[in-house]
Every structure is written in structure tokens, then in C-alpha cells.
Amino acid sequence: MKKFINSIMAGLVLVSAPALVSCGADYLNTTPTESVGAGEVIATSENAYKALNGIAKTMSTQQYAWSQGCAGENRVIVIYENYASQDYFYNYYAQGWAPIMNLQYSLRNNTSYDAYPWFYYYNIVGQANSIIAHIDAAEGDEALKLFDKASALTFRAYAFEKLLHYYAPRWQDSNNGSANGIILRIDETTSDLSQSKLPLSTMAECYAQIYKDLDEAISLFQQSGKNRPSKEIWIANENVAHAVYARAALSKQDYQTALTHAPLARKGFPLMSNDDYYAGFCKPTSEWIFGSYGDAQENMWYWSYGTQYACNGYYGNNTANGAGSIDLEVTNQIPDNDARKGLFLTPDKFPSFNLSDPSVADAYYRAYGIMGFSNDDLWNEVDEYVESRHKNSAASSMERPYQPGYYYVGGQTKFYVFDTPGVGYLPFIRSSEMVLIEAEANYFLNNTAAAQAALVELNASTGRDANYTCDKTGEDLFNEIVNYRRLELWGEGFGFSDCKRWNMDITRKGLTKGGSAAAAIAVTIKKNDPNWVWVIPQWETDYNDAFKDTTKDAK
Amino acid sequence: MKKRLTLFFASLFLMVGVALAQTKVSGTVLSQEDGQPIIGAAVKVVGTSTGMLTDVNGRFNVTLPAGKDQLEITYLGFESKTVKAKNGMRVFLKTDAAALDEVVVVAYGTAKKQSITGAVSTIDTKDISKRIASNVTSALEGAAPGVQVNNTYGEPGAEPTIRIRGIGSLNGSNKPLYVVDGIIYNGNIADLNPDDIKTMSVLKDAASAALYGNRASAGVVIITTKSGVSKEGNSSIDLKINQGFYNRGIAEYDRLGVNDYMETSWKAMKNWAMTGSLGLSEAEAKAYASEHLATDVMHQNIWDRASDQLFDANGKMVANVLPGYTDLDWEDNIERTGQRQEYILSGNFTNEKVNVYSSLGYLKEKGYVIGSDYERYTARVNSTFTPNKWITAGVNLNGTISTRHFNDNAKGSYYANPFSTARYMAPIYPIYSHNADGSIVTDKYGEYVYDTTSDYLDNRNIAYELRKDQDTRKRNVLNGTAFLTLNLPYDFQFTVKGNLSHRSSTRQHYNNPVIGDGATNGGRLTNYDNEYEDYTMQQLLNWGHDYGQHHVDALVGHENTHYETENFYGMNTGMVADGIYVLSNFLKNSYLNGYNEEYATESYLARVRYNFDQRYFFDASWRRDGSSRFHKDNRWGNFFSFGASWNAKKENFLRDVKWVDQLRLRASYGEVGNDAGVGYYGYQALYYIDKNGGSGALLKQSLAANDIKWETAQTVDVALEGRLFGRMGFSIGYFDKRNKDLLFAVRLPLSAGSYSYNEDYYNMTVNKNIGTIANRGWEISVEGDVVKSKNWLVNLGVDATFVKNKIIKLPNGDNILSGLHNYTEGRSLYDFYTYHFEGVDQMTGRSLYTLDPDMKATAERQGELVTINGVDYTTDTAYGKRDFHGTAAPTVYGSVHGNVAWKDLSLSVLATYSLGGKNVDYTYQSLMSVNAMSSGSALHKDALKSWDGVPAGMTETSADRIDPNGIPAMDYNRSSKNNATSDRWLTSSSYLVMKNISLSYNLPKKLLAGLNAGINGVTLTAGVENLFTITGRKGMNPQYNFTGGSDDTYVTARVWNFALNVNF
């Protein structure tokens, strides 16, 4: 019996011992400090506003899995619009970048180039969807809730609208919108995998969704009676909603709608003065409707637009690359006294030098468009001009641009940074674009006088060319709109999409043939070339069952 | 009954014999080797439970019950002996290397090797001391079958990576769990001084590891540090001095010299001018290349002719390099012969109540690349106190202070990566600035001036940056473990163990203001401060009892661990004064950030072991684990194991078989968990806290995964082990390790959104438990004394592991694409999934790939379709078909080792090998490509064999129009397509590494005794680590990782070492 009791006792001790030393019930509940739970974020209108600011951050921050320069909107501006345009040259790297500049990568679905815009804009869409899905149930200030939702809808519409530029054909080629557009993902992504299966929608459906989102957004903005704090140009507000509406309508050739929204978009954002223009594009002016923030304390280092594409950015100031130049064929059609033309190192500023003279145009000129490499007199004149531009800029207290002395013909002093290596704001939507949309829409609606008036408003009323008048009609008027749009918005990310919408070939002339493009990119890309539409990337189709025939899976 | 029970317990606990007829016997136990007394040897009266330990003089007194006269004397590291008791007896014990294995450290205790039912490999201080390693885990390489070690020792202070029995987890940690002195170890292995280690046990199967339930699914390495008990005597002091040097252990890839390089590049440009947008004729293209190559592509002229006059009409170089350009070898400039020195002083002391081991170590290493070094101070005190028979208590304390200069950009394509920069540097670019006549520019002190302005260097100069920039990490580690064991009545033993480990790491990263990352901001300094704190509490209750020939023991326990980090980092820019590296010397703040992390686990555990007559062994264990990485509803997992082992030698039918010394069969099954497949907050849907425009910005970061639970590894393990003919040991084992409910970050389509700061994937991922992977294989090891005579001992051994990996189950049976792999049921996760290179079209010099039939129309429209003799091919992988081609997994890997001893001289050799399996040689791919036309980049020698025109007799319809081993034409325009990622770059990763050769000499004892200086032993050792590596391609590092990747980074170092070891 005793043995029995001993055994029972031993058993009891063995079993109960661990229970005596257990930890508390919440010992295993840990919470992060670098992040906050999703439940808390969209639970209040105040936190949801911070999530809106998160979307804005996405538009101007490093995306770690990608290569340098992939920091949101700046990448799209550079690679997909500027490089692939007829107006913007980056000659020093043209040989290496020619496949991108000549649209040769569009159909290669396994390249990161094909995937980036898709990745980036759906990153915005995904974050907007979460706000839209939960904000109605959130607590907090009712007006702010309405504003949050409206803004999220606007961000989503912005992203969808941009995606269509790259992954869908021209509206006029879409058979009235029945061609495939993009994926209309408007639900919140959860951990439910089956939910991620979603096919492409037609272009008509896509534009309908954009219109619907923006209609709702505009109505909510108005109901809320709220606007963003004026300095926060990176948060989408009602003006942005109208601007995106106008853009979408223009692309859809729905000119009347474009004409409705463009003027509303620029309400309260008057066109800027010449002084502002010459200050250098690095801080918002009166007409910046939408853009990104820049500051030394939120430095993107070598990933920012300004690092490589501002005249006093790191590259312009430390390398032979320059910082981009304008196609002389554009500036040749603009009067010399135009203030905007003054931002570029065009030959008219150096009349004593003939750039077709081999003694002036040496091998470096013929290969890259670099001026004065073996002609000190020319170099000195250009250098003096750059110096004078610098003195007028807002960054005049910083070191002057292009320190290594590589001056490209057509080289720019438009984009500046106010801290190194590339710190500055970047504009996404300006009132000037809206005026140009009005001009283009009016032109296609045959409102010739209104189109002319829009050009006069843009060019003369602002003083950019005080003597400007316009009495052109028909195709001449259209070409005038095209030329001023190229000049006004140069380097801001419109070149490719404009050309595509206008259904024009990209025609670049080489340096030895009177133009200013390096040999590798002095090509013509026909308007009917299939490469104008980027293919849906592998990183979508491999994981979206709507694109997969699983019976064809490799075994 | 009652009386007998009482007596029974009394005899057990009080360790006194039963008062019956008795005889008293005393004697001494000595070592046969040197006649020294053995302290702490166990003397047991056979057939009773009476016994005792020998004292400091090796003496014992024992009382024999009537009818009992046999004594069994055992001591760790010596062969056991059973002798007839005789008063005043002297018992000599023989040391036996094999006997050292007898008692091994297992989970939460020790076990006799023959009792173990699972797969455990042990290595001891002797094995460790042969190796020249600053990290103790390096010594595992080649030491045990089933253990793979990729030694990255090339970088001072870096740690090797280890895989035990292959990769079982898709996403989680495949790193084994480290346990130091019974406590799960989260610190760096580099913080441990290898000389402090007594043994390392590798628990390979789940049954052995089951008691470590959580995180043990990739195996466990149990490290036990030295104690004061030593066979050298009751007190001794040991001094070790190591001096060595080291250099690169693997040669560089073969690359083209100046003329070959320029001529090959000329062809690439000529072809570019013909195939690209210029569309020139061949003659025009040749002239174009001659005129433009140096200016447009190379941006360089180091020759005695003008840039457009370097070539003749057919692309032969006609210019000579100016004599001043003696500085074109970048590798030579940034590499050096590193040095290694180490000093270790250790001592031990033992008596009946106290034993203490303490040591001090100093290590200094200078890497083979400029700017990399490592300095480490270690100190340890291990002490155990036994004031009386009821209590044993101990404290182990160790501290480490280390300073490391390193380069965290020494990987990938970072500008600051010295390996890629030097490797891909075109042979025409000098390190220094040159004058027009070719001579090197000097400053006013006559020093060479680094070229910091040439645009082909992208305004960088790695040779300069390595010398000016600084990245320093200082680590302070304090680790303390204390335990108290109470010997309770009724055979109970209660142990409480606690561990507190604190590690602080500060890093200071300085970028100079002249060139590189700091140039644009007048120099910059980043400070990082990371604090790590672990604590573990353990309560263990042990019980054990012998019932005649039946032995039973049991254990229950509770354990909780808590891990916390505190981190902050900030950067200032704008250096004021030269040479001062503190934040105050940098004016402008860029950022200042900080965050904490926390992780906790709690566990309950139990084990029962039984054996009959040391002949049949059974054990079973259970563990319940909770992890803070999972949602509270799915947080707990239960893991169990059971095993059996049969000591056949104990059976009558084998007892008298002389040629069989030992033979045993063991089998086990067990389960262990893994939670490392997800981050610390793996189940939580989170938003990342960021800043935009100075205000709070929240970025959607992760999706909820409340249903995720423990990933589980299940292992079946069977083995036959034995020793034959008195000289040959063998072990043959089979294992089947299945990891189920794999934790995996399943990728969503890109349109489902993404998180900007995810470094690994473009796609948003969601954590899931998916599928099952099996690793099955055989482990075989054989070693034997080939020659065994009075003066000679020659021992040879070989081990081999054959593992097959197979994905058993995936969700819905769907494939999962992951880079170059496509996880598919029935296939290995090491299988490569990529495009197939068919060969080079001999008519055009273009690479041909297998066409994806669905893409035929697009390929044709893009001009990338070629039809040869009725078969369609594509010249662009974008329209190619991906399929399975080769695997990264070796068929077999293992080691060959040998020892030759002649008197006091001994030589040991260790080589490791791997056969079968492939690597993607990305470096070779880069060296065969001419992608960037904006500056030159080095080329591999094989580029000389590239296609150079249609071979004579070749026609459109020739049967051999496709050369499967061909090298496509060099062409700036087509290079990215011609050299696209495909199975063309898969290279055999078989290798043989001469891991270690060590020659040591023990000074004769007689000689030392004659000196009368109190010296017990002197050993001189000379050794070399990684003497050579044989691989499929010169330059390739086959051990970069386990999944067949490659990178431009450190390779193993060749280390030479000379050691002196003196024992007082």
C-alpha cells in the first residue's frame, strides 16, 4: 500500500510541478513598435488620414526590392515617360538605355521594367482599397471621415488612370472600349487567396470605374467641407479629383467631360509667375495641384528624381551625365524670347557659334551633344549662361549646377534641388497642364477660339511670352498645342503618353542630322508598333489564377 | 515489507550499505598513460548500489557487502574496468578515444551513447583544437555525416551557415538551434571562444531533439563548455598561442587582358552597329567600332595612339599601353595577406566541493581584403559547488568584447562592394590619376593620387573608399547561467536554471566627403545602437530508479524564454574636422530612428526512459510549446517522440563472437516544431509607421494570418552501429524527415497590392501553412585503424550522406513559383525552373531558346522567332518556355579524414566533398555579357570563343546549325538576350576542399620531467585550412549557399597557422 502511495505521490509531483511555475496568460502576447495593428489604423478618421499620407509616401519612397531610382512616381516619370519620349534626351547613357528609350522592352513580361508601374500603382490601389473598405465604420470626426474616403477614391482613380497609359491600347484603337484594360481591383486584399483571382476588365469598364470613383470622391469632398492643409500638396483633394477626371476624359477622348473638370481642377491654383519658373522646380508654386514632398530629413539619397535629373543634383554636379536635355526640334519652334526656352542651353543663346561647323561640333558633340569640349570660347559662353541662370534660382546659395563642365546642347536648368544629393519636391499635376487640356479638348470639339484663348492664357497672360498671340487653326493649331505642351511640361512625365494619345510616331533626329539625339536612340517608332502597350507582367499572371491554365502547370 | 522499503530508500539516499557482513577495501585509481591519479572516477560494487568517487589522490575506500567482491570502475574518457576487490589495490585505466563518446550530452541531460535511440553526432575538444577556427561551428564541417557547413570564414568575424539533413523549411529558418550549457542560445556563435568548448552534440533527428520542440526542426547543436573537472589533474594551467596568416582560398575567374578585352569589345560594338538602330554594313560597322569604341564605350585611352587609331581595319589592336599604366590590377590593390593571432590562457581547479574552469582569450584577425578585421576578447568562469550531497549549484559567466571592421556592402552590385567592383573592372581602368604622358599623378608629398573623377568609375573608387571609409561594429556580451539542483528524497532531483544574456552592439559607419556615398553631403556618419536581451527560466524535476536490471527515469519541466531588442540609429552629414568620427563632428541631422522587438515562448516538457540490463532501451517524450509569433487561438503545439535501441552485443549469441566488439540497432520517431518561418509578429496585420511631409504616414505592410500554426518536422530514423575486429567502427543510418504545415509567404498577384519596404518580393505575401516536404536519405560512416603498432597508428575514415528532397504536398496541388524555382509536388525544391538554352545559331551567332508555343505569334512579331529545320526557337527568353533543368541538391556529400601518428608526432587530414548538383553561376553570366555600353566591364576568357562569323560550309539547313555548346556573338545590342538567365549558366557544383591539414608534435614527457619546470605537456602544431578547392569552374565558389546561388563576395580563406600549447 505504501508503495502505491509513494507512486501516486511521485506521479502527482511530476504532473503538478510544471503547473506551479507557469507564466501569466498574456506572457505570449507581444506587440511591435515599428508598426501598428491594421485594426487600429482605419478605426479612426485621424489614423485613416495618416494612412492616406502613407499612400502619398508610397509615391516618393524607395521600394526596396527594386533597383535604385524606383522610388514611386519619379521612376514612372523618368523611364516610362521621359526616356520613352521624343522630347527628352539623356544622351550619355543612351547607348545603354536604348532598349527602354526605343520601347523594346514592352513585350518582355519577365523583366522588372515591365513590372514596375504595375507594382507601383497597384501598391497605391491596395492601400486605398483598405481605407475605402473600412472608413465608413470608423470613429472620429465625421467630416474628416468623408474627406479620407474621398481622397482614397481619388488616389485609386489616379492609379487606375495611369495604369491605362501603359498597359492598355489607345482609346481610339480600343474598339469603343471593348479592348482589355487593366484589373479593376476594388476590394480589400485579405489573406483569402481565392479572392486574388481576378481577370482584366475592358477599357470601357475601367474608365467607368474611374469616373464613378471620382464622382463619388468629388461629392464626398464637397459634403465634408474640408480641404487638406495647404502645404500638404501630396494629399489628394477635390482639385486633384477634378484633374484626374480631366486626364481620364482626355485619354478617353471624352472632351466635353475633360472641359468640365480641367477648369475646376485649377480653381485656386493660379498659373505661376516667371520668377517662380526661374526659381527652379524644387518647391511648390501657386500652380502645383499635386506633387511629392522633399526634405533633407526625409532624404531619398540616390533614389530621388533630383539626384539624377536636377541640374544641380548629384549626377549633374559630379558626373559627365548631365541632367537631361530637350529636343532642339521642339525649341526651334518656340520664339527665343519665351521665358521657358531660357531654361535650356539652346544654340540661339550662343549665336557666334555654328554647331554644324566641325571645329565647334567635335566628336563629343557628335556623339553626345556636349558643347565646347574642344572649344574654350564656346564653353565659356555656355558656362556664363549657366552661372546667370543659377543666380536667379532659388538654390543660388548652393553650389552651381553642372560643376564638371559637361554642357549638353538643349541641357536644362529647369529642375533644381535645394539640398544634396537630390532633395526637392516633385510636381505631378500643375494648372498649366489643365490649361493645355482645355486647349486640346476645345480643339477636338472644334472650339477653335477657346483653344486659342487657352494658349494665350498659358503663354501671354503669365508673361512667359508676353507678346504671344494665336490665330492658328486646324492642324496648325493642333501642332501649336503639341509644341507648347512639350515645352511647358518637359521632363515632368508626359512625353510618352502624349505621343501615344496623339497617335503620333516618335521621331528622333541624330546629332549629325540636325537633331540632338544620340545615335543609338535616333530612331522612329511607328505609332502602330505593338510596343506602345506594355504586356501584363509575369508577377501578375504567375499568381493570378484568372491568367493561369493550371492544367498547363509544369510537372 | 515496511522495513525493507525503508532500508531500500535509506540505502539509496544516504549511499550507505545495508548493515550486513562487510569487508572494507581501499585502493587507488591511476591513469595507465602517465600514472597520474584519476580524480572523480566512479567505483561501484557490482550487483549493489554501493559506490563512491575517488578523491584528489585517486583514492577510494569502499565497504563490500558479503558475497560481493567485484568493483566496476568508470571514468569519462577512459575504458571501464571490472576487477576483483583487494585491499591496497592499484587500478590502471586505459584512455580510449572511442570511450570518450560513451556519455553524450542530450536534451536536458546526458545519456550513454549506447542508450540513445536517435541520431546524435558528437565532437569533442580534440576535434575542435585541430581546426583553425575562430567560430566553433566551423569545426562541424566534415565532422559528422548529415551536417553541411558553408564556411564564410573569408570575412573575419563572420559565421558559417549550417544545414542538418537538408532543407526542410521553405521560408523559415533552416538554421539549427544552438543550445549552450542547457540554454537556448540566441547570441552569435562568434562570441564563443572555441577553446572553451568541451563537446558539441548534433541532434539530427526529431526524437533526439523533441525536447527542444520549438525551433528544433532544423536540428540542434548542443554546446557544452569546459568544467573544472579534468583528467589533467586537480589544478592546471594551459597556455595556447596561435600565429598565422591567411589569404584568398579560391582563385579568381579567368578574365581577359587588355588586348583581348579591347578586341572582343570591338567585335561587340561592330555587331551592335550592324544589328542595332544604326543598321550599318559590316565595313561601315568596323570603321564605326574602331572610331568610337574608346570614346563612346570605354571613355578611356591608355594607349600611345589617338582614341580612333587603336585598331587596324579588322579590329586588331595596333596601339600599346603607355608604360605609366602599372596600376590596372584592382584586386591586387585591395587584397593583402591577412594575419591571425590568438592567445588563450585557461586554468582549472577541482576538489570535492568545488570545481572551477576559467579562461581568457584574445584573437586578432586581419582579413585578406583591406578594411576587414576582427578583434575579440573572451573570458569565462564556469564553477560548480557541491557543499553537501543535497545540493549542487553552479554559475557560468562569460563575457566577450569584440571590434570588427567590415563592409556590409560586400555583396551584390553595390558600388562599395570591393569584390564585384574589382572583379568586373575592365582591365583598362587605372586606380590612380594619370598625366597625359601616362605617368601617375602625384601630390606634393609624392603620393599617388587616386582617380576620383573619371566618369567610367561612376565617380567612385573602391581602392580609395576602402582606405578612407570605415564601418566598425563593437559588441559587448555578458552571458550568465546559474543553476541549483536539489537532491530530494524518493529519488527526486529538482533543478532550477536561469540564464540572462545581454548583448550590445554599436556600429559606426563613416563615409568620406571626397568620393562615394558621403561625397555629396560633405561626409556622413551613421551610428547604430542595438541592445539584445534574452532570459530563460527552466524548472526541471528528474526522477530515476533501478529495479534490479530495470532502469527507469523520468523528467518533467517547464521553460520560458523571452527575447527583446532595442534599436536606434541616426545619421548626421557635413563633417567639420578631419579624422574625428563622432556625431557632433557632423553638422546636419538626416534621421534618427528607433524601435523595439519582442519574442516569447513557453513550454512544458516530459520524458520517460527505460532500459533493461543496458540491453533494451526505450524512451518517449512530449513537449507543449507556445509562441508569440502565432495568434492566441493557434499558439500552442504538441510534439512527441519515442524510440528504442537494442544493444545486440549483450545478447548471448553475440557475447562470445570475438570480432564483434559492439553492435546496436536503433529506431526512433519524433516531431518538432518551427515558428521561424514567420517574423516576430507573423500573424498580425500591420501598418508600418513612417513619416511624410513631417507628419505621420502609415503604410500597409502585412496581412492577417490568424490561422497560422507551428510548422512540424516528423522524422523516422533507423541505424545500425558497431565496432568490429577491434579496429573498425561503422554506422549506417536511414532517415525520413518530413516537414509538414510549412510556413510560407505565399505570393499574391501584383495587383493585390504591395508593400514598398519588402526587400525580398515584389508581391505582397500572406503567411500560410502549406504543404509537406520530405528529406530522405542515408548516412554512412566508416573509420578504422589501418595500422596499429607500438609506434604507429594510421586511422582512416570516410562519411557520406545521400539525401533526396521531395515536395510531397502543396495547397490544391498548385505550383508555387519562387525565382529560379517552381515548387511542384513530386519534385525537389532544389530543382531549377528556367528557360532552356538550345545552343547558338551558327548562321547568326544568336542564342536560341526553347519557344513557348503560346507566345509564337508575339515572338514572330518581335522578330525573335527562328525556325530551323522545321523546329521553332526563340531568341528572347521572354517568349521562351520555362521548364525544369537540373537541381542544386548534391547526390552525395561528406568528408574523408585520416590520422597518422608516429610516437609523439601526428598528422591529421580532413577533406570535404560534394558530388552532383548545380550552381547558377551569375558571375560567369555577367563576365560573358557586354550589357552596359556606357562603360567597360571585364570579360571572361571564354568570350574569346564567341561566335565570329558563319563557319565554312554552314548553310540554313545544316544539321549542325545549332551548336549546343556554342558561345553567342558578342554584341552590345543583343547581349541581354544572348546571355539571358537560362539553364546555360547552371554549372556543376561538385567540389573537393582540402579542409584541414594539421601536424602536431607532443614533446616527450620524460624530457619535460627532466626540466623540472612544472610543465606537464608541450604541443607544437602547424596547420592549414582550405589548402585548395577543386570545382567545375575556376573562381566559382560552390559553397556560397545551399540552393545553388552565387554572389560576388567573400570566399573561404586559406589560413596557415602555427600553434604552441603548454600545460602547467
# chains A, B, ... in the order shown; residues from 1 in each chain; ligands from 1

call {"tool": "residues_around", "arguments": {"residues": "Lys50 in chain A", "least_positions_apart": "3", "cutoff": "8 Å", "atoms": "only C-alpha atoms", "output": "JSON, numbers by chain"}}
result
{"A": [46, 47, 53, 54], "B": [695, 696, 697, 698]}

call {"tool": "closest_atom_pairs", "arguments": {"of": "chain A", "to": "chain B", "cutoff": "7 Å", "atoms": "only C-alpha atoms", "output": "Markdown table"}}
result
| residue | atom | partner | partner_atom | distance |
| --- | --- | --- | --- | --- |
| A:Leu14 | CA | B:Val556 | CA | 6.1 |
| A:Pro18 | CA | B:His558 | CA | 5.3 |
| A:Leu28 | CA | B:Ser628 | CA | 4.6 |
| A:Asn29 | CA | B:Ser628 | CA | 5.8 |
| A:Thr30 | CA | B:Ser628 | CA | 6.2 |
| A:Pro32 | CA | B:Glu597 | CA | 6.1 |
| A:Thr33 | CA | B:Tyr595 | CA | 5.7 |
| A:Glu34 | CA | B:Tyr595 | CA | 5.6 |
| A:Ser35 | CA | B:Tyr688 | CA | 4.3 |
| A:Val36 | CA | B:Tyr687 | CA | 5.3 |
| A:Gly37 | CA | B:Leu686 | CA | 4.5 |
| A:Ala38 | CA | B:Leu686 | CA | 4.8 |
| A:Lys50 | CA | B:Ala697 | CA | 4.7 |
| A:Ala51 | CA | B:Leu698 | CA | 4.5 |
| A:Asn53 | CA | B:Ala697 | CA | 4.8 |
| A:Gly54 | CA | B:Ala697 | CA | 4.3 |
| A:Ile55 | CA | B:Leu699 | CA | 6.8 |
| A:Lys57 | CA | B:Asn692 | CA | 5.7 |
| A:Thr58 | CA | B:Ser756 | CA | 6.8 |
| A:Gln62 | CA | B:Ser756 | CA | 7.0 |
| A:Gln63 | CA | B:Ser756 | CA | 4.5 |
| A:Tyr64 | CA | B:Glu759 | CA | 4.8 |
| A:Ala65 | CA | B:Glu759 | CA | 4.3 |
| A:Tyr93 | CA | B:Ser934 | CA | 5.8 |
| A:Gln95 | CA | B:Met933 | CA | 5.7 |
| A:Gly96 | CA | B:Met933 | CA | 4.8 |
| A:Arg108 | CA | B:Ala878 | CA | 5.0 |
| A:Asn109 | CA | B:Ala878 | CA | 6.2 |
| A:Asn110 | CA | B:Ala878 | CA | 6.0 |
| A:Phe119 | CA | B:Leu750 | CA | 5.8 |
| A:Tyr122 | CA | B:Gly753 | CA | 5.0 |
| A:Asn123 | CA | B:Gly753 | CA | 4.3 |
| A:Val125 | CA | B:Gly753 | CA | 6.7 |
| A:Gly126 | CA | B:Gly753 | CA | 4.4 |
| A:Gln127 | CA | B:Lys700 | CA | 6.1 |
| A:Thr189 | CA | B:Ala752 | CA | 6.0 |
| A:Thr190 | CA | B:Leu703 | CA | 6.3 |
| A:Ser191 | CA | B:Val766 | CA | 5.9 |
| A:Ser196 | CA | B:Ala752 | CA | 6.5 |
| A:Tyr293 | CA | B:Gly693 | CA | 5.7 |
| A:Ala296 | CA | B:Ser590 | CA | 6.1 |
| A:Gln297 | CA | B:Ser590 | CA | 4.6 |
| A:Tyr314 | CA | B:Thr520 | CA | 6.6 |
| A:Thr319 | CA | B:Asp455 | CA | 5.9 |
| A:Ala320 | CA | B:Asp455 | CA | 6.2 |
| A:Thr420 | CA | B:Thr520 | CA | 6.1 |
| A:Pro421 | CA | B:Thr520 | CA | 5.6 |
| A:Ala520 | CA | B:Ser277 | CA | 6.1 |
| A:Val523 | CA | B:Ser277 | CA | 6.7 |
| A:Trp539 | CA | B:Leu750 | CA | 5.9 |
| A:Glu540 | CA | B:Pro749 | CA | 4.6 |
| A:Tyr543 | CA | B:Pro749 | CA | 4.7 |
| A:Asn544 | CA | B:Pro749 | CA | 5.2 |
| A:Asp553 | CA | B:Asn815 | CA | 6.9 |
| A:Ala554 | CA | B:Asp883 | CA | 6.7 |
| A:Lys555 | CA | B:Thr824 | CA | 6.5 |

call {"tool": "select_by_dssp", "arguments": {"residues": "range 603-781 of chain B", "states": "strand (DSSP E)", "output": "ChimeraX atom specification"}}
result
/B:603-612,616-627,636-647,660-674,686-692,695-702,711-724,728-747,765-781

call {"tool": "select_by_dssp", "arguments": {"residues": "range 192-306 of chain A", "states": "helix (DSSP H, G or I)", "output": "ChimeraX atom specification"}}
result
/A:193-196,203-224,238-251,255-265,274-278,296-298,301-303,305-306

call {"tool": "residues_around", "arguments": {"residues": "Gly225 in chain A", "least_positions_apart": "3", "cutoff": "10 Å", "atoms": "only C-alpha atoms", "output": "ChimeraX atom specification"}}
result
/A:143-144,146-147,220-222

call {"tool": "write_last_selection", "arguments": {"atoms": "N, CA and C atoms", "output": "mmCIF file, in the first residue's frame"}}
result
data_model
loop_
_atom_site.group_PDB
_atom_site.id
_atom_site.type_symbol
_atom_site.label_atom_id
_atom_site.label_comp_id
_atom_site.auth_asym_id
_atom_site.auth_seq_id
_atom_site.Cartn_x
_atom_site.Cartn_y
_atom_site.Cartn_z
ATOM 1 N N ALA A 143 -16.554 64.764 -40.699
ATOM 2 C CA ALA A 143 -16.103 65.465 -41.909
ATOM 3 C C ALA A 143 -14.778 64.886 -42.388
ATOM 4 N N LEU A 144 -13.915 64.587 -41.454
ATOM 5 C CA LEU A 144 -12.614 64.025 -41.826
ATOM 6 C C LEU A 144 -12.800 62.642 -42.446
ATOM 7 N N LEU A 146 -15.316 61.646 -44.243
ATOM 8 C CA LEU A 146 -15.736 61.848 -45.627
ATOM 9 C C LEU A 146 -14.550 62.237 -46.496
ATOM 10 N N PHE A 147 -13.718 63.102 -45.934
ATOM 11 C CA PHE A 147 -12.540 63.543 -46.686
ATOM 12 C C PHE A 147 -11.611 62.365 -46.951
ATOM 13 N N LEU A 220 -18.147 63.563 -52.039
ATOM 14 C CA LEU A 220 -17.745 63.432 -50.630
ATOM 15 C C LEU A 220 -16.882 64.604 -50.170
ATOM 16 N N PHE A 221 -15.985 65.037 -51.057
ATOM 17 C CA PHE A 221 -15.155 66.200 -50.710
ATOM 18 C C PHE A 221 -16.063 67.383 -50.378
ATOM 19 N N GLN A 222 -17.079 67.553 -51.238
ATOM 20 C CA GLN A 222 -17.953 68.706 -51.045
ATOM 21 C C GLN A 222 -18.775 68.558 -49.774
#
